[in-house]
Amino acid sequence: LTEITRSVTADDLRSLLDGASEATIAWVEDGHLTSWPTAFNSREGRYRFGLPAGTMSEGVVVSLSVDAGAMYFDLRGVRVRGPVKRIDAPEGTAPSLEWFEVGVERETAWHYGTLRENERRDE
Amino acid sequence: VTSSADRFMDRALIVRLATQSRAGLPLVTPLWFVRDGAKIIIGTRRGSPHARNAFANPSVVMTFGDRHGRPTRRVLRAFGTARVADYEEMTTMHKVKLAWRYFLQPASIVHWLGNWRKIGMRNRYYSERTDPSMLEITLERAEFVARPVAVEEIT
C-alpha cells in the first residue's frame with residue numbers, strides 16, 4: 001500500500017536549519033500554555049534557542065518549530081520536542097539572551113514541495 | 001484586539017499555532033489562516049495533532065511574525081479559544097478570502113503556475129485525507145513582542 005506524503009528528514013532540511021536565525025517555541029508551565037518567538041542557532045545539528053532572560057525555566061518540555069515558506073510548495077519545516085537545558089550563548093550569538101538547548105525526544109520534518117508516493121507507514 | 005493587531009494579522013500569511021495535548025505536551029504548527037473579525041479560521045483535518053489538541057484543550061496561543069511572507073522584527077502573540085468545527089461551517093466568505101490570500105495574488109499565481117506538475121500529487125494528498133475540518137479560534141487578547149535576535153548588530 002502506498003500513500004502521498006510530505007514527510008522528509010531533518011537532514012533533508014539541513015540548509016534551512018543551518019541558515020535559520022529564528023524559531024517558535026511553545027511550552028506548558030503550571031498547566032498554562034505559552035508560545036514565544038525565539039532566536040535560533042542550529043550549528044552542529046543541535047537545536048539551540050535564545051530568549052530574554054527569565055522567560056522560561058530549565059527542564060520544561062518545549063515544542064520548537066523552525067519553518068519557512070508561505071506559498072504552498074515552499075512550506076517546509078522541522079519540529080522537535082523535548083526538555084530544555086540552559087547553555088552558554090553559542091559562539092557569535094547575542095549574549096544578552098538566555099540560551100537553551102532542546103534534548104530531542106521527537107523530530108518531525110515536512111516539505112510540501114516534495115509531495116510523492118511512498119510506502120504507507122504503520123502508525 | 002486592536003486595529004493595529006488586525007492589520008498585522010491581515011498582512012501575515014502564516015500563523016504559528018501553539019496547542020496542548022491531552023497529556024499536557026505542547027505543539028507548534030505553522031498554518032494558513034484567514035481572519036474573520038475577532039475569529040481566526042483555519043482549514044484542517046479533524047485527526048490532525050493540532051485539531052485533536054484543540055479539542056482536548058481549547059486554550060491556544062498564536063504568533064504572527066511575517067508581512068506577506070517576510071519575517072517581521074516584532075511578533076504578535078494572540079491568545080484565544082479554539083473550537084473544532086465541521087468543514088461545512090466554513091463560509092463562502094472564508095473560502096474566498098483563503099483563495100484571495102493564497103491562490104490569487106500575483107506571487108501566488110506565479111507559484112502555482114511554476115509548480116503545475118505537482119498539483120495532481122497535491123490533489124491526491126488531500127483525497128487521501130477524508131476528515132476535513134475547521135478550527136475557529138476566538139481572539140481574546142493580543143500583544144506585540146520584539147523578536148529576539150540571534151546576532152546583535154554592531155553599531
# chains A, B, ... in the order shown; residues from 1 in each chain; ligands from 1
$ residues_around --residues "Arg45 (chain B)" --least-positions-apart "3" --cutoff "6 Å" --atoms "only C-alpha atoms" --output "tab-separated table (two decimals) with N, CA, C and O atoms, in the first residue's frame"
chain	number	residue	atom	x	y	z
B	48	SER	N	-5.89	15.74	12.72
B	48	SER	CA	-4.54	16.32	12.81
B	48	SER	C	-4.17	16.53	14.28
B	48	SER	O	-5.05	16.77	15.12
B	131	ASP	N	-11.06	13.60	6.44
B	131	ASP	CA	-11.76	14.17	7.60
B	131	ASP	C	-11.57	15.69	7.67
B	131	ASP	O	-11.10	16.22	8.67
B	132	PRO	N	-11.93	16.40	6.58
B	132	PRO	CA	-11.73	17.86	6.60
B	132	PRO	C	-12.50	18.50	7.75
B	132	PRO	O	-13.60	18.06	8.10
B	133	SER	N	-11.90	19.51	8.29
B	133	SER	CA	-12.49	20.17	9.45
B	133	SER	C	-12.07	21.63	9.45
B	133	SER	O	-11.39	22.10	8.52
$ select_by_dssp --residues "chain A" --states "helix (DSSP H, G or I)" --output "PyMOL selection string"
chain A and resi 11-19+43-45+72-74+112-114
$ interface_residues --of "chain A" --to "chain B" --cutoff "6 Å" --atoms "only C-alpha atoms" --output "CSV table (one decimal) with all heavy atoms, in the first residue's frame"
chain,number,residue,atom,x,y,z
A,4,ILE,N,0.4,9.3,-0.3
A,4,ILE,CA,1.2,10.5,-0.7
A,4,ILE,C,1.6,11.2,0.6
A,4,ILE,O,0.9,11.3,1.6
A,4,ILE,CB,0.3,11.5,-1.4
A,4,ILE,CG1,-0.4,10.8,-2.6
A,4,ILE,CG2,1.1,12.7,-1.9
A,4,ILE,CD1,0.5,10.1,-3.6
A,21,SER,N,17.7,31.7,11.8
A,21,SER,CA,18.1,32.5,12.9
A,21,SER,C,16.9,32.8,13.9
A,21,SER,O,17.1,33.5,14.8
A,21,SER,CB,18.8,33.8,12.5
A,21,SER,OG,17.9,34.6,11.8
A,26,ALA,N,6.8,26.6,22.1
A,26,ALA,CA,5.7,26.6,23.0
A,26,ALA,C,6.0,25.6,24.1
A,26,ALA,O,6.8,24.7,24.0
A,26,ALA,CB,4.4,26.1,22.3
A,27,TRP,N,5.5,26.0,25.3
A,27,TRP,CA,5.7,25.0,26.4
A,27,TRP,C,4.5,25.2,27.4
A,27,TRP,O,3.7,26.2,27.3
A,27,TRP,CB,7.0,25.3,27.1
A,27,TRP,CG,7.2,26.5,27.9
A,27,TRP,CD1,7.0,26.6,29.3
A,27,TRP,CD2,7.6,27.8,27.5
A,27,TRP,NE1,7.3,27.9,29.7
A,27,TRP,CE2,7.6,28.6,28.6
A,27,TRP,CE3,7.9,28.3,26.2
A,27,TRP,CZ2,8.0,30.0,28.5
A,27,TRP,CZ3,8.2,29.7,26.1
A,27,TRP,CH2,8.3,30.5,27.2
A,37,PRO,N,8.3,33.8,20.1
A,37,PRO,CA,9.3,33.7,19.0
A,37,PRO,C,10.7,33.7,19.7
A,37,PRO,O,10.9,34.3,20.8
A,37,PRO,CB,9.1,35.0,18.3
A,37,PRO,CG,8.6,36.0,19.3
A,37,PRO,CD,7.8,35.1,20.3
A,38,THR,N,11.6,33.0,19.1
A,38,THR,CA,13.0,32.9,19.7
A,38,THR,C,14.1,33.2,18.6
A,38,THR,O,13.8,33.0,17.4
A,38,THR,CB,13.3,31.5,20.3
A,38,THR,OG1,13.4,30.6,19.2
A,38,THR,CG2,12.2,31.0,21.2
A,39,ALA,N,15.2,33.5,19.1
A,39,ALA,CA,16.4,33.4,18.3
A,39,ALA,C,16.8,31.9,18.2
A,39,ALA,O,16.5,31.2,19.1
A,39,ALA,CB,17.6,34.2,18.9
A,63,SER,N,8.0,22.5,22.4
A,63,SER,CA,7.9,22.2,21.0
A,63,SER,C,8.5,23.3,20.3
A,63,SER,O,8.2,24.5,20.6
A,63,SER,CB,6.4,22.0,20.7
A,63,SER,OG,6.2,21.9,19.3
A,70,ALA,N,5.7,30.5,2.5
A,70,ALA,CA,4.3,30.9,2.7
A,70,ALA,C,3.5,30.4,1.6
A,70,ALA,O,2.3,30.1,1.7
A,70,ALA,CB,4.2,32.5,2.8
A,93,THR,N,26.7,34.5,18.9
A,93,THR,CA,25.3,34.9,19.1
A,93,THR,C,25.2,35.9,20.2
A,93,THR,O,26.2,36.2,20.9
A,93,THR,CB,24.5,33.7,19.4
A,93,THR,OG1,24.9,33.1,20.6
A,93,THR,CG2,24.5,32.7,18.3
A,94,ALA,N,24.0,36.4,20.3
A,94,ALA,CA,23.8,37.5,21.3
A,94,ALA,C,23.9,37.0,22.7
A,94,ALA,O,23.1,36.2,23.1
A,94,ALA,CB,22.4,38.1,21.0
$ closest_residue --among "A:Thr2, A:Ser7, A:Ser35, A:Thr24" --to "Met56 (chain A)" --atoms "only C-alpha atoms"
A:Ser35
$ residues_around --residues "Asp86 (chain B)" --least-positions-apart "5" --cutoff "12 Å" --atoms "only C-alpha atoms" --output "JSON list (two decimals) with all heavy atoms, in the first residue's frame"
[["chain", "number", "residue", "atom", "x", "y", "z"],
["B", 41, "ILE", "N", -9.73, 31.66, 11.32],
["B", 41, "ILE", "CA", -10.29, 30.46, 10.69],
["B", 41, "ILE", "C", -9.17, 29.68, 10.02],
["B", 41, "ILE", "O", -8.40, 30.25, 9.24],
["B", 41, "ILE", "CB", -11.37, 30.83, 9.64],
["B", 41, "ILE", "CG1", -12.44, 31.75, 10.25],
["B", 41, "ILE", "CG2", -11.96, 29.59, 8.99],
["B", 41, "ILE", "CD1", -13.26, 31.12, 11.35],
["B", 42, "ILE", "N", -9.09, 28.39, 10.34],
["B", 42, "ILE", "CA", -8.03, 27.53, 9.79],
["B", 42, "ILE", "C", -8.68, 26.25, 9.25],
["B", 42, "ILE", "O", -9.39, 25.57, 9.98],
["B", 42, "ILE", "CB", -7.01, 27.17, 10.89],
["B", 42, "ILE", "CG1", -6.30, 28.44, 11.40],
["B", 42, "ILE", "CG2", -6.00, 26.15, 10.38],
["B", 42, "ILE", "CD1", -5.49, 28.23, 12.67],
["B", 43, "GLY", "N", -8.41, 25.96, 8.01],
["B", 43, "GLY", "CA", -8.86, 24.69, 7.45],
["B", 43, "GLY", "C", -7.89, 23.60, 7.87],
["B", 43, "GLY", "O", -6.67, 23.78, 7.80],
["B", 44, "THR", "N", -8.40, 22.47, 8.30],
["B", 44, "THR", "CA", -7.52, 21.42, 8.79],
["B", 44, "THR", "C", -8.22, 20.07, 8.69],
["B", 44, "THR", "O", -9.23, 19.95, 7.99],
["B", 44, "THR", "CB", -7.08, 21.72, 10.25],
["B", 44, "THR", "OG1", -6.11, 20.76, 10.65],
["B", 44, "THR", "CG2", -8.25, 21.68, 11.23],
["B", 45, "ARG", "N", -7.67, 19.05, 9.35],
["B", 45, "ARG", "CA", -8.31, 17.75, 9.44],
["B", 45, "ARG", "C", -8.66, 17.48, 10.89],
["B", 45, "ARG", "O", -7.90, 17.83, 11.79],
["B", 45, "ARG", "CB", -7.37, 16.64, 8.96],
["B", 45, "ARG", "CG", -7.05, 16.69, 7.49],
["B", 45, "ARG", "CD", -6.18, 15.50, 7.11],
["B", 45, "ARG", "NE", -4.94, 15.45, 7.87],
["B", 45, "ARG", "CZ", -4.61, 14.49, 8.73],
["B", 45, "ARG", "NH1", -5.44, 13.49, 8.96],
["B", 45, "ARG", "NH2", -3.46, 14.50, 9.38],
["B", 46, "ARG", "N", -9.78, 16.82, 11.10],
["B", 46, "ARG", "CA", -10.20, 16.53, 12.48],
["B", 46, "ARG", "C", -9.16, 15.66, 13.20],
["B", 46, "ARG", "O", -8.99, 15.77, 14.40],
["B", 46, "ARG", "CB", -11.58, 15.84, 12.46],
["B", 46, "ARG", "CG", -12.32, 15.86, 13.76],
["B", 46, "ARG", "CD", -13.74, 15.40, 13.59],
["B", 46, "ARG", "NE", -14.61, 16.42, 13.01],
["B", 46, "ARG", "CZ", -15.21, 17.37, 13.71],
["B", 46, "ARG", "NH1", -15.03, 17.44, 15.00],
["B", 46, "ARG", "NH2", -15.98, 18.26, 13.11],
["B", 51, "ALA", "N", -5.59, 19.75, 15.79],
["B", 51, "ALA", "CA", -7.05, 19.75, 15.98],
["B", 51, "ALA", "C", -7.43, 18.88, 17.18],
["B", 51, "ALA", "O", -8.29, 19.25, 17.98],
["B", 51, "ALA", "CB", -7.75, 19.27, 14.71],
["B", 91, "THR", "N", -17.52, 29.30, 5.69],
["B", 91, "THR", "CA", -18.43, 30.03, 4.83],
["B", 91, "THR", "C", -17.80, 30.33, 3.46],
["B", 91, "THR", "O", -16.58, 30.21, 3.29],
["B", 91, "THR", "CB", -18.83, 31.37, 5.48],
["B", 91, "THR", "OG1", -17.65, 32.19, 5.55],
["B", 91, "THR", "CG2", -19.39, 31.17, 6.87],
["B", 131, "ASP", "N", -11.06, 13.60, 6.44],
["B", 131, "ASP", "CA", -11.76, 14.17, 7.60],
["B", 131, "ASP", "C", -11.57, 15.69, 7.67],
["B", 131, "ASP", "O", -11.10, 16.22, 8.67],
["B", 131, "ASP", "CB", -11.28, 13.51, 8.90],
["B", 131, "ASP", "CG", -9.77, 13.62, 9.10],
["B", 131, "ASP", "OD1", -9.07, 13.97, 8.12],
["B", 131, "ASP", "OD2", -9.29, 13.38, 10.22],
["B", 132, "PRO", "N", -11.93, 16.40, 6.58],
["B", 132, "PRO", "CA", -11.73, 17.86, 6.60],
["B", 132, "PRO", "C", -12.50, 18.50, 7.75],
["B", 132, "PRO", "O", -13.60, 18.06, 8.10],
["B", 132, "PRO", "CB", -12.25, 18.31, 5.24],
["B", 132, "PRO", "CG", -13.19, 17.26, 4.82],
["B", 132, "PRO", "CD", -12.64, 15.98, 5.37],
["B", 133, "SER", "N", -11.90, 19.51, 8.29],
["B", 133, "SER", "CA", -12.49, 20.17, 9.45],
["B", 133, "SER", "C", -12.07, 21.63, 9.45],
["B", 133, "SER", "O", -11.39, 22.10, 8.52],
["B", 133, "SER", "CB", -12.03, 19.45, 10.72],
["B", 133, "SER", "OG", -12.57, 20.05, 11.86],
["B", 134, "MET", "N", -12.45, 22.33, 10.47],
["B", 134, "MET", "CA", -12.13, 23.75, 10.55],
["B", 134, "MET", "C", -11.87, 24.09, 12.01],
["B", 134, "MET", "O", -12.56, 23.61, 12.90],
["B", 134, "MET", "CB", -13.32, 24.55, 10.03],
["B", 134, "MET", "CG", -13.15, 26.03, 10.08],
["B", 134, "MET", "SD", -14.68, 26.87, 9.57],
["B", 134, "MET", "CE", -15.34, 27.29, 11.17],
["B", 135, "LEU", "N", -10.84, 24.89, 12.22],
["B", 135, "LEU", "CA", -10.62, 25.45, 13.56],
["B", 135, "LEU", "C", -11.13, 26.89, 13.54],
["B", 135, "LEU", "O", -10.75, 27.67, 12.66],
["B", 135, "LEU", "CB", -9.13, 25.46, 13.91],
["B", 135, "LEU", "CG", -8.48, 24.17, 14.39],
["B", 135, "LEU", "CD1", -7.02, 24.45, 14.74],
["B", 135, "LEU", "CD2", -9.20, 23.61, 15.59],
["B", 136, "GLU", "N", -11.97, 27.19, 14.50],
["B", 136, "GLU", "CA", -12.44, 28.57, 14.66],
["B", 136, "GLU", "C", -11.91, 29.05, 16.01],
["B", 136, "GLU", "O", -12.29, 28.52, 17.05],
["B", 136, "GLU", "CB", -13.96, 28.61, 14.64],
["B", 136, "GLU", "CG", -14.53, 29.99, 14.84],
["B", 136, "GLU", "CD", -16.01, 29.92, 15.17],
["B", 136, "GLU", "OE1", -16.36, 29.60, 16.32],
["B", 136, "GLU", "OE2", -16.81, 30.18, 14.26]]
$ closest_residue --among "B:Lys39, B:Asp6, B:Leu98, B:Phe33" --to "Gly80 (chain B)" --atoms "only C-alpha atoms"
B:Lys39
$ atom_distance --atom1 "CA of Thr2 (chain B)" --atom2 "CA of Trp36 (chain A)"
19.8 Å
$ residues_around --residues "Asn41 (chain A)" --least-positions-apart "2" --cutoff "12 Å" --atoms "only C-alpha atoms" --output "PyMOL selection string"
(chain A and resi 16-23+38-39+43-51+66+89-94+99-102) or (chain B and resi 148-151)
$ atom_distance --atom1 "CA of Arg73 (chain B)" --atom2 "CA of Gly69 (chain A)"
17.1 Å
$ atom_distance --atom1 "CA of Leu113 (chain B)" --atom2 "CA of Trp100 (chain B)"
15.7 Å
$ decode --residues "region 51-91 of chain B" --atoms "N, CA and C atoms" --output "PDB file, in the first residue's frame"
ATOM      1  N   ALA B  51      -5.586  19.748  15.787  1.00  0.00           N
ATOM      2  CA  ALA B  51      -7.048  19.752  15.978  1.00  0.00           C
ATOM      3  C   ALA B  51      -7.428  18.877  17.179  1.00  0.00           C
ATOM      4  N   ARG B  52      -6.754  17.736  17.293  1.00  0.00           N
ATOM      5  CA  ARG B  52      -7.035  16.867  18.461  1.00  0.00           C
ATOM      6  C   ARG B  52      -6.663  17.591  19.752  1.00  0.00           C
ATOM      7  N   ASN B  53      -5.529  18.296  19.718  1.00  0.00           N
ATOM      8  CA  ASN B  53      -5.130  19.054  20.913  1.00  0.00           C
ATOM      9  C   ASN B  53      -6.149  20.143  21.244  1.00  0.00           C
ATOM     10  N   ALA B  54      -6.592  20.857  20.208  1.00  0.00           N
ATOM     11  CA  ALA B  54      -7.531  21.956  20.437  1.00  0.00           C
ATOM     12  C   ALA B  54      -8.861  21.434  20.981  1.00  0.00           C
ATOM     13  N   PHE B  55      -9.213  20.234  20.562  1.00  0.00           N
ATOM     14  CA  PHE B  55     -10.444  19.626  21.082  1.00  0.00           C
ATOM     15  C   PHE B  55     -10.280  19.295  22.566  1.00  0.00           C
ATOM     16  N   ALA B  56      -9.078  18.795  22.923  1.00  0.00           N
ATOM     17  CA  ALA B  56      -8.819  18.411  24.318  1.00  0.00           C
ATOM     18  C   ALA B  56      -8.603  19.633  25.209  1.00  0.00           C
ATOM     19  N   ASN B  57      -7.891  20.628  24.665  1.00  0.00           N
ATOM     20  CA  ASN B  57      -7.565  21.848  25.434  1.00  0.00           C
ATOM     21  C   ASN B  57      -7.798  23.062  24.531  1.00  0.00           C
ATOM     22  N   PRO B  58      -8.957  23.686  24.619  1.00  0.00           N
ATOM     23  CA  PRO B  58      -9.289  24.755  23.667  1.00  0.00           C
ATOM     24  C   PRO B  58      -8.457  26.037  23.795  1.00  0.00           C
ATOM     25  N   SER B  59      -7.771  26.249  24.919  1.00  0.00           N
ATOM     26  CA  SER B  59      -6.958  27.470  25.035  1.00  0.00           C
ATOM     27  C   SER B  59      -5.715  27.335  24.166  1.00  0.00           C
ATOM     28  N   VAL B  60      -5.539  28.286  23.254  1.00  0.00           N
ATOM     29  CA  VAL B  60      -4.407  28.225  22.324  1.00  0.00           C
ATOM     30  C   VAL B  60      -3.677  29.567  22.318  1.00  0.00           C
ATOM     31  N   VAL B  61      -2.450  29.536  21.830  1.00  0.00           N
ATOM     32  CA  VAL B  61      -1.661  30.758  21.657  1.00  0.00           C
ATOM     33  C   VAL B  61      -1.196  30.794  20.207  1.00  0.00           C
ATOM     34  N   MET B  62      -1.299  31.963  19.597  1.00  0.00           N
ATOM     35  CA  MET B  62      -0.879  32.108  18.204  1.00  0.00           C
ATOM     36  C   MET B  62       0.210  33.164  18.109  1.00  0.00           C
ATOM     37  N   THR B  63       1.162  32.952  17.221  1.00  0.00           N
ATOM     38  CA  THR B  63       2.126  34.005  16.932  1.00  0.00           C
ATOM     39  C   THR B  63       2.085  34.298  15.434  1.00  0.00           C
ATOM     40  N   PHE B  64       2.099  35.598  15.144  1.00  0.00           N
ATOM     41  CA  PHE B  64       2.103  36.085  13.763  1.00  0.00           C
ATOM     42  C   PHE B  64       3.400  36.876  13.605  1.00  0.00           C
ATOM     43  N   GLY B  65       4.247  36.466  12.665  1.00  0.00           N
ATOM     44  CA  GLY B  65       5.547  37.124  12.572  1.00  0.00           C
ATOM     45  C   GLY B  65       6.026  37.326  11.160  1.00  0.00           C
ATOM     46  N   ASP B  66       5.108  37.560  10.220  1.00  0.00           N
ATOM     47  CA  ASP B  66       5.548  37.854   8.857  1.00  0.00           C
ATOM     48  C   ASP B  66       4.641  38.896   8.236  1.00  0.00           C
ATOM     49  N   ARG B  67       5.189  39.560   7.248  1.00  0.00           N
ATOM     50  CA  ARG B  67       4.407  40.504   6.452  1.00  0.00           C
ATOM     51  C   ARG B  67       4.528  40.039   5.012  1.00  0.00           C
ATOM     52  N   HIS B  68       3.442  39.522   4.474  1.00  0.00           N
ATOM     53  CA  HIS B  68       3.415  38.948   3.127  1.00  0.00           C
ATOM     54  C   HIS B  68       4.513  37.896   2.962  1.00  0.00           C
ATOM     55  N   GLY B  69       4.772  37.137   4.029  1.00  0.00           N
ATOM     56  CA  GLY B  69       5.726  36.038   3.962  1.00  0.00           C
ATOM     57  C   GLY B  69       7.132  36.379   4.421  1.00  0.00           C
ATOM     58  N   ARG B  70       7.416  37.668   4.647  1.00  0.00           N
ATOM     59  CA  ARG B  70       8.761  38.050   5.107  1.00  0.00           C
ATOM     60  C   ARG B  70       8.742  38.269   6.609  1.00  0.00           C
ATOM     61  N   PRO B  71       9.753  37.744   7.324  1.00  0.00           N
ATOM     62  CA  PRO B  71       9.759  37.878   8.791  1.00  0.00           C
ATOM     63  C   PRO B  71       9.771  39.342   9.232  1.00  0.00           C
ATOM     64  N   THR B  72       9.062  39.616  10.292  1.00  0.00           N
ATOM     65  CA  THR B  72       8.989  40.973  10.845  1.00  0.00           C
ATOM     66  C   THR B  72       9.827  41.059  12.119  1.00  0.00           C
ATOM     67  N   ARG B  73      10.184  42.301  12.480  1.00  0.00           N
ATOM     68  CA  ARG B  73      11.002  42.484  13.686  1.00  0.00           C
ATOM     69  C   ARG B  73      10.192  42.284  14.954  1.00  0.00           C
ATOM     70  N   ARG B  74       8.918  42.630  14.905  1.00  0.00           N
ATOM     71  CA  ARG B  74       8.084  42.358  16.072  1.00  0.00           C
ATOM     72  C   ARG B  74       7.086  41.264  15.709  1.00  0.00           C
ATOM     73  N   VAL B  75       6.631  40.603  16.728  1.00  0.00           N
ATOM     74  CA  VAL B  75       5.740  39.453  16.548  1.00  0.00           C
ATOM     75  C   VAL B  75       4.492  39.695  17.382  1.00  0.00           C
ATOM     76  N   LEU B  76       3.361  39.343  16.820  1.00  0.00           N
ATOM     77  CA  LEU B  76       2.100  39.462  17.565  1.00  0.00           C
ATOM     78  C   LEU B  76       1.781  38.129  18.227  1.00  0.00           C
ATOM     79  N   ARG B  77       1.672  38.157  19.531  1.00  0.00           N
ATOM     80  CA  ARG B  77       1.216  36.963  20.281  1.00  0.00           C
ATOM     81  C   ARG B  77      -0.255  37.168  20.581  1.00  0.00           C
ATOM     82  N   ALA B  78      -1.059  36.192  20.225  1.00  0.00           N
ATOM     83  CA  ALA B  78      -2.500  36.320  20.442  1.00  0.00           C
ATOM     84  C   ALA B  78      -2.999  35.081  21.180  1.00  0.00           C
ATOM     85  N   PHE B  79      -3.892  35.304  22.086  1.00  0.00           N
ATOM     86  CA  PHE B  79      -4.443  34.227  22.905  1.00  0.00           C
ATOM     87  C   PHE B  79      -5.903  34.047  22.528  1.00  0.00           C
ATOM     88  N   GLY B  80      -6.338  32.811  22.507  1.00  0.00           N
ATOM     89  CA  GLY B  80      -7.713  32.589  22.097  1.00  0.00           C
ATOM     90  C   GLY B  80      -8.241  31.237  22.528  1.00  0.00           C
ATOM     91  N   THR B  81      -9.508  31.032  22.179  1.00  0.00           N
ATOM     92  CA  THR B  81     -10.173  29.761  22.474  1.00  0.00           C
ATOM     93  C   THR B  81     -10.599  29.125  21.162  1.00  0.00           C
ATOM     94  N   ALA B  82     -10.192  27.877  20.985  1.00  0.00           N
ATOM     95  CA  ALA B  82     -10.442  27.193  19.711  1.00  0.00           C
ATOM     96  C   ALA B  82     -11.672  26.295  19.796  1.00  0.00           C
ATOM     97  N   ARG B  83     -12.330  26.202  18.663  1.00  0.00           N
ATOM     98  CA  ARG B  83     -13.444  25.263  18.525  1.00  0.00           C
ATOM     99  C   ARG B  83     -13.197  24.458  17.261  1.00  0.00           C
ATOM    100  N   VAL B  84     -13.274  23.137  17.382  1.00  0.00           N
ATOM    101  CA  VAL B  84     -13.122  22.279  16.209  1.00  0.00           C
ATOM    102  C   VAL B  84     -14.503  22.118  15.587  1.00  0.00           C
ATOM    103  N   ALA B  85     -14.635  22.602  14.366  1.00  0.00           N
ATOM    104  CA  ALA B  85     -15.956  22.627  13.726  1.00  0.00           C
ATOM    105  C   ALA B  85     -15.947  21.783  12.465  1.00  0.00           C
ATOM    106  N   ASP B  86     -17.143  21.457  11.999  1.00  0.00           N
ATOM    107  CA  ASP B  86     -17.257  20.749  10.721  1.00  0.00           C
ATOM    108  C   ASP B  86     -16.780  21.658   9.586  1.00  0.00           C
ATOM    109  N   TYR B  87     -16.191  21.036   8.575  1.00  0.00           N
ATOM    110  CA  TYR B  87     -15.696  21.826   7.439  1.00  0.00           C
ATOM    111  C   TYR B  87     -16.836  22.596   6.776  1.00  0.00           C
ATOM    112  N   GLU B  88     -18.048  22.040   6.856  1.00  0.00           N
ATOM    113  CA  GLU B  88     -19.203  22.686   6.220  1.00  0.00           C
ATOM    114  C   GLU B  88     -19.499  24.054   6.855  1.00  0.00           C
ATOM    115  N   GLU B  89     -18.960  24.299   8.026  1.00  0.00           N
ATOM    116  CA  GLU B  89     -19.186  25.602   8.665  1.00  0.00           C
ATOM    117  C   GLU B  89     -18.305  26.696   8.062  1.00  0.00           C
ATOM    118  N   MET B  90     -17.334  26.292   7.260  1.00  0.00           N
ATOM    119  CA  MET B  90     -16.515  27.306   6.601  1.00  0.00           C
ATOM    120  C   MET B  90     -17.382  28.007   5.560  1.00  0.00           C
ATOM    121  N   THR B  91     -17.517  29.299   5.685  1.00  0.00           N
ATOM    122  CA  THR B  91     -18.435  30.031   4.825  1.00  0.00           C
ATOM    123  C   THR B  91     -17.804  30.327   3.462  1.00  0.00           C
TER     124      THR B  91
END
